[in-house]
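Structure file coords13.txt with compact mmCIF, C-alpha atoms and all ligand atoms:
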# COMPACT_ATOMS: atom_id res chain seq x y z
CA MET A 1 -52.26 215.06 -41.67
CA ASP A 2 -52.97 218.50 -43.05
CA LEU A 3 -56.50 218.22 -44.41
CA PRO A 4 -59.20 220.72 -45.44
CA GLU A 5 -61.79 221.41 -42.74
CA ASN A 6 -64.79 221.55 -45.04
CA ILE A 7 -65.66 219.42 -47.99
CA THR A 8 -68.20 219.89 -50.76
CA ILE A 9 -69.65 216.76 -52.24
CA LYS A 10 -71.34 216.98 -55.62
CA GLU A 11 -73.81 214.17 -56.12
CA VAL A 12 -73.74 212.97 -59.73
CA GLY A 13 -75.71 209.72 -59.33
CA PRO A 14 -78.89 210.86 -61.10
CA ARG A 15 -76.73 211.69 -64.15
CA ASP A 16 -73.46 209.72 -64.15
CA GLY A 17 -75.09 206.85 -62.27
CA LEU A 18 -78.30 206.44 -64.23
CA GLN A 19 -76.75 207.11 -67.67
CA ASN A 20 -75.03 203.75 -67.46
CA GLU A 21 -77.71 201.63 -65.87
CA LYS A 22 -79.25 199.04 -68.18
CA THR A 23 -82.60 199.36 -66.43
CA GLU A 24 -84.40 202.51 -67.51
CA VAL A 25 -85.73 204.03 -64.32
CA PRO A 26 -89.25 205.48 -64.75
CA THR A 27 -89.40 209.28 -64.67
CA GLN A 28 -91.49 209.46 -61.49
CA ASP A 29 -89.01 207.22 -59.64
CA LYS A 30 -86.15 209.53 -60.65
CA ILE A 31 -88.12 212.52 -59.39
CA ASP A 32 -88.86 210.78 -56.07
CA TRP A 33 -85.19 209.83 -55.71
CA ILE A 34 -83.90 213.34 -56.45
CA ASN A 35 -86.46 214.75 -54.00
CA GLN A 36 -85.06 212.45 -51.31
CA LEU A 37 -81.48 213.43 -52.19
CA SER A 38 -82.50 217.09 -51.89
CA GLU A 39 -83.41 216.50 -48.24
CA SER A 40 -80.19 214.69 -47.28
CA GLY A 41 -78.04 217.78 -46.74
CA LEU A 42 -76.37 217.64 -50.17
CA SER A 43 -75.80 221.12 -51.56
CA TYR A 44 -75.34 220.07 -55.17
CA ILE A 45 -77.03 217.47 -57.36
CA GLU A 46 -76.35 216.81 -61.03
CA ILE A 47 -79.82 215.65 -61.91
CA THR A 48 -79.67 214.71 -65.60
CA SER A 49 -78.09 215.46 -68.93
CA PHE A 50 -79.31 217.25 -72.04
CA VAL A 51 -77.36 215.11 -74.50
CA HIS A 52 -78.88 213.39 -77.52
CA PRO A 53 -81.49 210.87 -76.31
CA LYS A 54 -80.31 208.47 -79.02
CA TRP A 55 -76.93 208.31 -77.24
CA ILE A 56 -78.23 208.21 -73.66
CA PRO A 57 -81.85 207.03 -73.75
CA GLN A 58 -81.80 206.56 -69.95
CA LEU A 59 -81.94 210.36 -69.58
CA LYS A 60 -84.31 211.23 -72.42
CA ASP A 61 -86.80 212.59 -69.86
CA ALA A 62 -84.33 215.30 -68.77
CA VAL A 63 -86.69 218.25 -69.22
CA GLU A 64 -89.55 216.55 -67.41
CA VAL A 65 -87.34 215.48 -64.51
CA ALA A 66 -85.84 218.94 -64.11
CA LYS A 67 -89.26 220.61 -64.27
CA SER A 68 -90.95 218.21 -61.86
CA ILE A 69 -88.56 217.89 -58.92
CA ASN A 70 -89.05 219.95 -55.77
CA ARG A 71 -86.37 222.61 -55.74
CA ASN A 72 -84.73 223.03 -52.35
CA GLU A 73 -83.30 226.56 -52.09
CA GLU A 74 -80.17 225.18 -50.45
CA VAL A 75 -79.37 222.90 -53.38
CA THR A 76 -77.80 223.70 -56.77
CA TYR A 77 -79.37 221.58 -59.52
CA ALA A 78 -76.97 220.97 -62.41
CA ALA A 79 -77.03 219.03 -65.68
CA LEU A 80 -74.68 218.10 -68.51
CA VAL A 81 -74.94 220.13 -71.69
CA PRO A 82 -72.88 219.20 -74.80
CA ASN A 83 -73.95 221.94 -77.25
CA MET A 84 -76.44 224.73 -77.98
CA LYS A 85 -79.30 222.30 -78.58
CA GLY A 86 -78.67 220.89 -75.11
CA LEU A 87 -78.48 224.39 -73.64
CA GLU A 88 -81.89 225.29 -75.14
CA ARG A 89 -83.39 222.28 -73.39
CA ALA A 90 -81.53 223.05 -70.14
CA LEU A 91 -82.78 226.64 -70.12
CA GLU A 92 -86.31 225.48 -70.86
CA ALA A 93 -85.98 223.25 -67.78
CA ASP A 94 -84.50 226.15 -65.76
CA ILE A 95 -81.46 224.26 -64.58
CA ASP A 96 -79.28 226.20 -62.07
CA GLU A 97 -75.85 225.21 -63.35
CA VAL A 98 -74.71 224.02 -66.75
CA SER A 99 -71.93 221.43 -66.98
CA ILE A 100 -69.96 221.31 -70.20
CA PHE A 101 -67.68 218.36 -70.85
CA MET A 102 -64.91 217.10 -73.11
CA SER A 103 -61.95 214.74 -72.95
CA ALA A 104 -58.21 215.24 -72.71
CA SER A 105 -57.69 212.42 -75.23
CA GLU A 106 -58.69 212.80 -78.86
CA SER A 107 -60.27 209.39 -79.39
CA HIS A 108 -62.41 209.46 -76.25
CA ASN A 109 -63.64 212.92 -77.19
CA GLN A 110 -64.51 211.68 -80.67
CA ASN A 111 -66.29 208.60 -79.35
CA ASN A 112 -68.11 210.47 -76.61
CA ILE A 113 -69.29 213.62 -78.37
CA ASN A 114 -68.61 212.91 -82.03
CA LYS A 115 -66.16 215.80 -82.47
CA SER A 116 -62.41 216.34 -82.44
CA ILE A 117 -60.99 218.31 -79.54
CA ASP A 118 -60.44 221.37 -81.74
CA GLN A 119 -63.99 221.19 -83.09
CA THR A 120 -65.31 221.03 -79.52
CA TYR A 121 -63.84 224.27 -78.13
CA PRO A 122 -65.97 226.76 -80.13
CA ILE A 123 -69.11 224.72 -79.42
CA LEU A 124 -68.47 224.79 -75.68
CA LYS A 125 -67.40 228.43 -75.73
CA GLU A 126 -70.75 229.41 -77.22
CA VAL A 127 -72.56 227.32 -74.59
CA VAL A 128 -70.59 229.03 -71.80
CA ASN A 129 -71.30 232.52 -73.18
CA GLU A 130 -75.00 231.87 -73.67
CA ALA A 131 -75.41 230.12 -70.31
CA ARG A 132 -73.76 233.08 -68.59
CA ARG A 133 -75.99 235.51 -70.48
CA ALA A 134 -78.95 233.54 -69.14
CA GLY A 135 -77.61 234.01 -65.59
CA LYS A 136 -76.36 230.46 -65.07
CA THR A 137 -73.13 229.32 -63.49
CA VAL A 138 -71.04 226.92 -65.55
CA ARG A 139 -68.96 223.93 -64.57
CA GLY A 140 -66.60 222.04 -66.84
CA TYR A 141 -65.46 218.44 -66.92
CA VAL A 142 -62.28 217.11 -68.43
CA SER A 143 -62.39 213.35 -68.94
CA THR A 144 -59.64 210.73 -69.38
CA VAL A 145 -57.14 212.81 -67.38
CA PHE A 146 -55.48 209.78 -65.80
CA GLY A 147 -55.91 207.38 -68.71
CA CYS A 148 -57.97 206.79 -71.83
CA PRO A 149 -59.70 203.52 -72.81
CA TYR A 150 -58.41 203.89 -76.40
CA GLU A 151 -55.03 205.61 -75.99
CA GLY A 152 -53.82 204.55 -72.55
CA LYS A 153 -51.77 207.14 -70.71
CA VAL A 154 -52.60 210.73 -71.61
CA ASP A 155 -49.80 213.28 -71.97
CA GLU A 156 -49.91 215.72 -69.05
CA LYS A 157 -49.20 218.63 -71.39
CA GLN A 158 -52.38 217.74 -73.23
CA VAL A 159 -54.29 217.61 -69.94
CA ILE A 160 -52.97 221.03 -68.94
CA LYS A 161 -53.85 222.45 -72.36
CA VAL A 162 -57.46 221.24 -72.24
CA CYS A 163 -57.86 222.43 -68.62
CA HIS A 164 -56.44 225.81 -69.59
CA ASN A 165 -58.73 226.18 -72.61
CA LEU A 166 -61.82 225.27 -70.57
CA LEU A 167 -60.98 227.61 -67.69
CA GLU A 168 -60.22 230.40 -70.19
CA MET A 169 -63.83 230.15 -71.37
CA GLY A 170 -64.83 231.61 -68.02
CA ILE A 171 -66.22 228.55 -66.26
CA ASP A 172 -66.60 228.62 -62.47
CA GLU A 173 -65.13 225.21 -61.70
CA LEU A 174 -63.40 222.39 -63.54
CA SER A 175 -63.84 218.77 -62.54
CA ILE A 176 -60.85 216.53 -63.23
CA GLY A 177 -62.09 213.11 -64.33
CA ASP A 178 -60.62 209.66 -63.86
CA THR A 179 -63.19 208.35 -66.31
CA ILE A 180 -62.12 204.71 -66.31
CA GLY A 181 -60.80 204.46 -62.77
CA VAL A 182 -57.14 203.88 -63.60
CA ALA A 183 -55.57 206.54 -61.36
CA ASN A 184 -53.51 205.69 -58.30
CA PRO A 185 -52.70 207.97 -55.36
CA ILE A 186 -49.11 208.65 -56.48
CA GLN A 187 -50.33 209.68 -59.93
CA VAL A 188 -53.05 211.85 -58.38
CA ASP A 189 -50.52 213.55 -56.12
CA TYR A 190 -48.12 214.08 -59.01
CA LEU A 191 -50.67 215.47 -61.45
CA LEU A 192 -52.46 217.70 -58.94
CA ARG A 193 -49.13 219.23 -57.89
CA LYS A 194 -48.52 219.95 -61.60
CA LEU A 195 -51.97 221.46 -62.10
CA GLU A 196 -51.47 223.66 -59.03
CA ARG A 197 -48.73 225.49 -60.87
CA TYR A 198 -51.19 226.64 -63.49
CA PHE A 199 -54.65 226.77 -61.91
CA PRO A 200 -56.14 227.88 -58.58
CA LYS A 201 -56.88 224.88 -56.38
CA ASP A 202 -60.26 226.30 -55.47
CA GLN A 203 -61.40 226.10 -59.07
CA LEU A 204 -60.74 222.37 -59.36
CA ALA A 205 -62.87 219.42 -58.28
CA LEU A 206 -62.08 215.70 -58.51
CA HIS A 207 -64.22 213.10 -60.24
CA PHE A 208 -62.98 209.61 -59.44
CA HIS A 209 -64.52 206.42 -60.83
CA ASP A 210 -64.02 203.34 -58.71
CA THR A 211 -63.47 200.73 -61.42
CA ARG A 212 -60.45 199.24 -59.65
CA GLY A 213 -61.39 200.10 -56.08
CA MET A 214 -58.94 203.04 -55.95
CA ALA A 215 -61.32 205.97 -55.73
CA LEU A 216 -61.24 206.51 -51.95
CA ALA A 217 -57.44 206.19 -51.90
CA ASN A 218 -57.25 208.73 -54.72
CA THR A 219 -59.65 211.00 -52.84
CA LEU A 220 -57.38 210.89 -49.81
CA ALA A 221 -54.38 211.82 -51.97
CA ALA A 222 -56.29 214.88 -53.22
CA LEU A 223 -57.51 215.77 -49.72
CA GLN A 224 -53.94 215.76 -48.46
CA LEU A 225 -53.09 218.41 -51.05
CA GLY A 226 -55.99 220.56 -49.83
CA TYR A 227 -58.54 219.82 -52.56
CA HIS A 228 -62.03 220.03 -51.14
CA THR A 229 -64.60 219.40 -53.84
CA PHE A 230 -65.42 215.85 -54.90
CA ASP A 231 -67.99 214.31 -57.23
CA SER A 232 -69.58 211.07 -56.14
CA SER A 233 -72.51 208.84 -56.93
CA LEU A 234 -74.80 207.43 -54.28
CA GLY A 235 -74.24 203.74 -53.71
CA GLY A 236 -71.56 203.76 -56.41
CA LEU A 237 -74.25 203.67 -59.10
CA GLY A 238 -73.14 204.04 -62.72
CA GLY A 239 -70.13 204.30 -65.06
CA CYS A 240 -69.40 205.78 -68.47
CA PRO A 241 -71.20 204.34 -71.50
CA TYR A 242 -68.36 205.33 -73.87
CA ALA A 243 -65.58 203.97 -71.68
CA LYS A 244 -65.85 200.20 -71.75
CA GLY A 245 -65.53 198.58 -68.35
CA ALA A 246 -65.84 201.86 -66.42
CA SER A 247 -67.81 201.42 -63.23
CA GLY A 248 -69.48 203.98 -60.99
CA ASN A 249 -68.00 206.98 -59.26
CA VAL A 250 -66.71 206.79 -55.73
CA ALA A 251 -69.82 206.09 -53.65
CA THR A 252 -71.22 209.14 -51.86
CA ASP A 253 -72.14 207.04 -48.82
CA ASP A 254 -68.62 205.54 -48.55
CA LEU A 255 -67.06 208.97 -48.97
CA VAL A 256 -69.33 210.47 -46.29
CA HIS A 257 -68.50 207.59 -43.97
CA MET A 258 -64.78 208.17 -44.49
CA LEU A 259 -65.13 211.91 -43.84
CA ASN A 260 -67.19 211.23 -40.70
CA GLU A 261 -64.55 208.88 -39.35
CA MET A 262 -61.82 211.40 -40.13
CA GLY A 263 -63.71 214.29 -38.52
CA ILE A 264 -63.88 216.35 -41.71
CA HIS A 265 -66.89 218.63 -41.85
CA HIS A 266 -69.73 218.36 -44.36
CA GLN A 267 -73.49 218.89 -44.24
CA ILE A 268 -74.71 215.47 -45.27
CA ASP A 269 -76.82 213.06 -43.22
CA LEU A 270 -75.59 209.50 -43.83
CA ASP A 271 -78.84 207.88 -42.65
CA LYS A 272 -80.82 209.91 -45.16
CA LEU A 273 -78.36 208.93 -47.86
CA ILE A 274 -78.84 205.27 -47.07
CA GLU A 275 -82.63 205.72 -47.30
CA ALA A 276 -82.24 207.38 -50.70
CA ALA A 277 -79.80 204.66 -51.84
CA SER A 278 -82.30 201.99 -50.82
CA LEU A 279 -84.95 203.64 -52.97
CA ILE A 280 -82.84 203.75 -56.14
CA GLN A 281 -81.47 200.26 -55.45
CA SER A 282 -85.02 198.90 -55.58
CA LYS A 283 -85.56 200.67 -58.92
CA VAL A 284 -82.42 199.46 -60.69
CA ASN A 285 -83.01 195.92 -59.45
CA LYS A 286 -79.46 195.21 -58.39
CA PRO A 287 -77.48 195.56 -55.20
CA LEU A 288 -75.56 198.83 -55.20
CA PRO A 289 -71.80 198.27 -54.94
CA SER A 290 -70.93 200.64 -52.06
CA LYS A 291 -69.59 199.20 -48.80
CA GLN A 292 -72.15 201.16 -46.79
CA MET A 293 -74.99 199.60 -48.76
CA GLU A 294 -73.45 196.15 -48.38
CA ILE A 295 -73.33 196.65 -44.60
CA PHE A 296 -76.90 197.95 -44.64
CA ARG A 297 -78.14 194.90 -46.61
CA ASN A 298 -76.44 192.54 -44.18
CA GLN A 299 -77.94 194.11 -41.05
P1 LIG B 1 -74.11 214.61 -83.13
O1 LIG B 1 -74.92 213.52 -83.75
O2 LIG B 1 -72.74 214.86 -83.64
O3 LIG B 1 -74.97 215.96 -83.15
O4 LIG B 1 -74.05 214.36 -81.57
P2 LIG B 1 -75.23 216.99 -84.29
O5 LIG B 1 -74.90 218.34 -83.74
O6 LIG B 1 -74.58 216.57 -85.59
O7 LIG B 1 -76.82 216.91 -84.49
C1 LIG B 1 -77.46 215.74 -85.00
C2 LIG B 1 -78.90 215.71 -84.56
O8 LIG B 1 -78.96 215.57 -83.13
C3 LIG B 1 -79.71 216.98 -84.87
O9 LIG B 1 -81.05 216.58 -85.11
C4 LIG B 1 -79.67 217.76 -83.60
O10 LIG B 1 -80.77 218.65 -83.40
C5 LIG B 1 -79.73 216.63 -82.57
P3 LIG B 1 -81.64 216.45 -86.60
O11 LIG B 1 -81.44 217.82 -87.18
O12 LIG B 1 -80.79 215.41 -87.28
O13 LIG B 1 -83.04 216.04 -86.37
N1 LIG B 1 -79.08 217.03 -81.32
C6 LIG B 1 -79.64 216.99 -80.09
N2 LIG B 1 -80.84 216.57 -79.65
C7 LIG B 1 -81.08 216.67 -78.32
N3 LIG B 1 -80.20 217.15 -77.43
C8 LIG B 1 -78.97 217.56 -77.84
C9 LIG B 1 -78.67 217.47 -79.22
N4 LIG B 1 -77.57 217.78 -79.92
C10 LIG B 1 -77.82 217.50 -81.19
N5 LIG B 1 -78.12 218.04 -76.95
C11 LIG B 1 -73.75 215.01 -79.30
C12 LIG B 1 -73.29 215.21 -80.73
C13 LIG B 1 -72.77 215.74 -78.41
C14 LIG B 1 -75.14 215.60 -79.14
C15 LIG B 1 -73.77 213.48 -79.01
O14 LIG B 1 -72.55 212.94 -79.32
C16 LIG B 1 -74.11 213.19 -77.57
O15 LIG B 1 -75.23 213.42 -77.14
N6 LIG B 1 -73.14 212.67 -76.80
C17 LIG B 1 -73.35 212.45 -75.38
C18 LIG B 1 -72.46 211.41 -74.85
C19 LIG B 1 -72.64 211.31 -73.38
O16 LIG B 1 -73.63 211.73 -72.80
N7 LIG B 1 -71.64 210.69 -72.70
C20 LIG B 1 -71.66 210.50 -71.30
C21 LIG B 1 -71.48 211.76 -70.52
S1 LIG B 1 -69.79 212.27 -70.36
C22 LIG B 1 -69.23 211.39 -68.98
O17 LIG B 1 -69.90 210.53 -68.49
C23 LIG B 1 -67.89 211.76 -68.38
C24 LIG B 1 -68.02 212.54 -67.07
O18 LIG B 1 -68.76 211.82 -66.11
C25 LIG B 1 -66.62 212.84 -66.49
C26 LIG B 1 -65.72 211.61 -66.39
O19 LIG B 1 -66.13 210.59 -65.77
O20 LIG B 1 -64.62 211.69 -66.93
C27 LIG B 1 -68.73 213.89 -67.29
MG MG B 2 -68.00 210.28 -64.87
Show how you would write the structure in this file as structure tokens.
Amino acid sequence: MDLPENITIKEVGPRDGLQNEKTEVPTQDKIDWINQLSESGLSYIEITSFVHPKWIPQLKDAVEVAKSINRNEEVTYAALVPNMKGLERALEADIDEVSIFMSASESHNQNNINKSIDQTYPILKEVVNEARRAGKTVRGYVSTVFGCPYEGKVDEKQVIKVCHNLLEMGIDELSIGDTIGVANPIQVDYLLRKLERYFPKDQLALHFHDTRGMALANTLAALQLGYHTFDSSLGGLGGCPYAKGASGNVATDDLVHMLNEMGIHHQIDLDKLIEAASLIQSKVNKPLPSKQMEIFRNQ
């Protein structure tokens, strides 16, 4: 197999994971967890989100969390930002990287951020410009790329258009989201080959949810095409609150295990990840769904 030698894993558990947990994790526990994650060799952690606290009360302490964690120089600390109000809060909290987000499908965009796709572009464009002016890097997310909970299959032309419009804003990287975990490896291969015609591979990351147990298989399909940046959530924590039935991202610990077995290089210490997963597992009061955590519990 022709595979990339180095992989970057972007840990999104403190944001994508916790935003969908019913149990509200106390602020200090989040800080302790992120501090542990920062010492596990991860180079990137999405720590929270500056969305409206009415929509995601689990992350209403975003500013406090961002201000209180220990910042490891080797780690980029990112957070979701939907609009200028969110950017104000993110800058107050001195976040390193701003992540803007929208959907490829109209109805998911409307449900998720209360705007049509066309209304969203100028809002995000202003966020990108202002974040850049403040010296921040910017990442983008496009959701529902492989399927939408309201509309089903999403037209690939629409996906390409939204990706194009986001990259045109001058973002550094775009994460391609299988929000509800409906993708399969053939579809991933097909769509990524399409996207390659329009966008540099190095600017794209993959964000697979594991709702149907397909996320690692989809990751392998992307790896085989040379993609090397993947979002994941420790222990498989989380989901999407506006995509019914969506479960967590591919589990960071399962992904790291797979890369270890395949001899693909990364900087992450699996034992430290398991320690950090054990901490957050005790705070959300439920067994985390990853295979590595299942093995660990049964030891
Ligand atoms: P809205 O109600 O349309 O906002 O919400 P608005 O601009 O009309 O403002 C209404 C009020 O909200 C105002 O206050 C604003 O100041 C306030 P008032 O004047 O009435 O007192 N407000 C805010 N307060 C705090 N922080 C803010 C903010 N913005 C406005 N940022 C909004 C629009 C986008 C804010 C809302 O719809 C929202 O917060 N949505 C977030 C939904 C969300 O977090 N979804 C999950 C994350 S996306 C995801 O999980 C997918 C991803 O993982 C990739 C994948 O899996 O595909 C990234
Ligand atoms: Mg997600």
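Residues in contact range of range 187-190 of chain A, defined as at most 10 Å between all atoms listed in the file, with sequence neighbours fewer than 4 positions away removed, read Val145, Phe146, Asp178, Val182, Ala183, Lys194, Leu195, Leu206, Ala217, Asn218, Thr219, Leu220, Ala221, Ala222, Leu223, Gln224 and Leu225 of chain A.
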Produce a table with one row for each residue of chain A that has an atom at most 8 Å from any atom of ligand LIG 1 (chain B), each row naming the nearest atom pair and its distance in Å at one decimal; use only C-alpha atoms and all ligand atoms; arrange rows by chain and rising residue number; format as CSV.
residue,atom,partner,partner_atom,distance
A:Asp16,CA,B:LIG1,O18,5.5
A:Gln19,CA,B:LIG1,C20,7.1
A:Ser49,CA,B:LIG1,O16,7.0
A:Phe50,CA,B:LIG1,N5,5.1
A:Val51,CA,B:LIG1,O15,3.8
A:His52,CA,B:LIG1,O15,3.7
A:Pro53,CA,B:LIG1,C7,6.2
A:Lys54,CA,B:LIG1,O15,7.3
A:Trp55,CA,B:LIG1,O15,5.4
A:Ile56,CA,B:LIG1,O16,5.9
A:Leu80,CA,B:LIG1,C21,7.4
A:Val81,CA,B:LIG1,N5,6.5
A:Pro82,CA,B:LIG1,C13,5.0
A:Asn83,CA,B:LIG1,N5,5.7
A:Met84,CA,B:LIG1,N5,7.0
A:Lys85,CA,B:LIG1,N5,4.7
A:Gly86,CA,B:LIG1,N5,3.4
A:Leu87,CA,B:LIG1,N5,7.2
A:Arg89,CA,B:LIG1,N3,7.3
A:Phe101,CA,B:LIG1,C27,5.8
A:Met102,CA,B:LIG1,S1,7.4
A:Ser103,CA,B:LIG1,O20,7.3
A:Asn111,CA,B:LIG1,O14,7.6
A:Asn112,CA,B:LIG1,C18,4.8
A:Ile113,CA,B:LIG1,O14,3.5
A:Asn114,CA,B:LIG1,O14,4.8
A:Lys115,CA,B:LIG1,O2,6.7
A:Tyr141,CA,B:LIG1,C27,5.6
A:Val142,CA,B:LIG1,O20,6.1
A:Ser143,CA,B:LIG1,O20,3.4
A:Thr144,CA,B:LIG1,O20,5.6
A:Val145,CA,B:LIG1,O20,7.6
A:Ser175,CA,B:LIG1,C25,7.6
A:Ile176,CA,B:LIG1,O20,7.2
A:Gly177,CA,B:LIG1,O20,3.9
A:Asp178,CA,B:LIG1,O20,5.4
A:Thr179,CA,B:LIG1,O20,3.7
A:Ile180,CA,B:LIG1,O19,7.1
A:His207,CA,B:LIG1,O19,6.4
A:Phe208,CA,B:LIG1,O19,7.1
A:His209,CA,B:LIG1,O19,6.7
A:Gly239,CA,B:LIG1,O17,7.1
A:Cys240,CA,B:LIG1,O17,4.8
A:Pro241,CA,B:LIG1,C20,6.2
A:Tyr242,CA,B:LIG1,N7,6.4
A:Asn249,CA,B:LIG1,O19,7.7
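Note that CA of Thr252 in chain A and CA of Gly181 in chain A are 15.8 Å apart.
Nearest to ligand MG 2 (chain B) of all the residues A:Leu42, A:Val65, A:Val250, A:Leu37 is A:Val250, counting all atoms listed in the file.
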**Study point:** CA of His108 in chain A to CA of Pro287 in chain A, straight-line distance in Å
**Key:** 29.4 Å
Study note, to complete from the structure: One decimal place gives the CA of Glu97 in chain A-CA of Thr137 in chain A separation as 4.9 Å
Exercise for review: Excluding Ile280 in chain A and residues on its chain fewer than 3 positions from it, collect all residues at most 9 Å away from it, counting all atoms listed in the file, and give them as a ChimeraX atom specification.
Suggested key: /A:25,29-30,33,235,276-277,283-285,288
What's the 9 Å shell around Leu167 in chain A, counting all atoms listed in the file, without same-chain residues fewer than 4 positions away, as a compact mmCIF listing (two decimals) with C-alpha atoms, in the coordinates of the input?
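Printed below is out02.txt as written:
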# COMPACT_ATOMS: atom_id res chain seq x y z
CA GLY A 140 -66.60 222.04 -66.84
CA VAL A 162 -57.46 221.24 -72.24
CA CYS A 163 -57.86 222.43 -68.62
CA ILE A 171 -66.22 228.55 -66.26
CA ASP A 172 -66.60 228.62 -62.47
CA GLU A 173 -65.13 225.21 -61.70
CA LEU A 174 -63.40 222.39 -63.54
CA PHE A 199 -54.65 226.77 -61.91
CA GLN A 203 -61.40 226.10 -59.07
Exercise for review: Please tell me which residues are no farther than 9 Å from (-82.7, 222.2, -52.4) in the file, counting all atoms listed in the file, and write them as a ChimeraX atom specification.
Suggested key: /A:35,37-39,41-45,70-77
Study note, to complete from the structure: Min atom-atom distance to ligand MG 2 (chain B) from the set A:Glu24, A:Asp32, A:Glu261, A:Asp210, counting all atoms listed in the file, belongs to A:Asp210
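You can rank A:Arg193, A:Lys10, A:Arg15, A:Lys291 by their closest distance to Ala79 in chain A using all atoms listed in the file, and at the top of that list sits A:Arg15.
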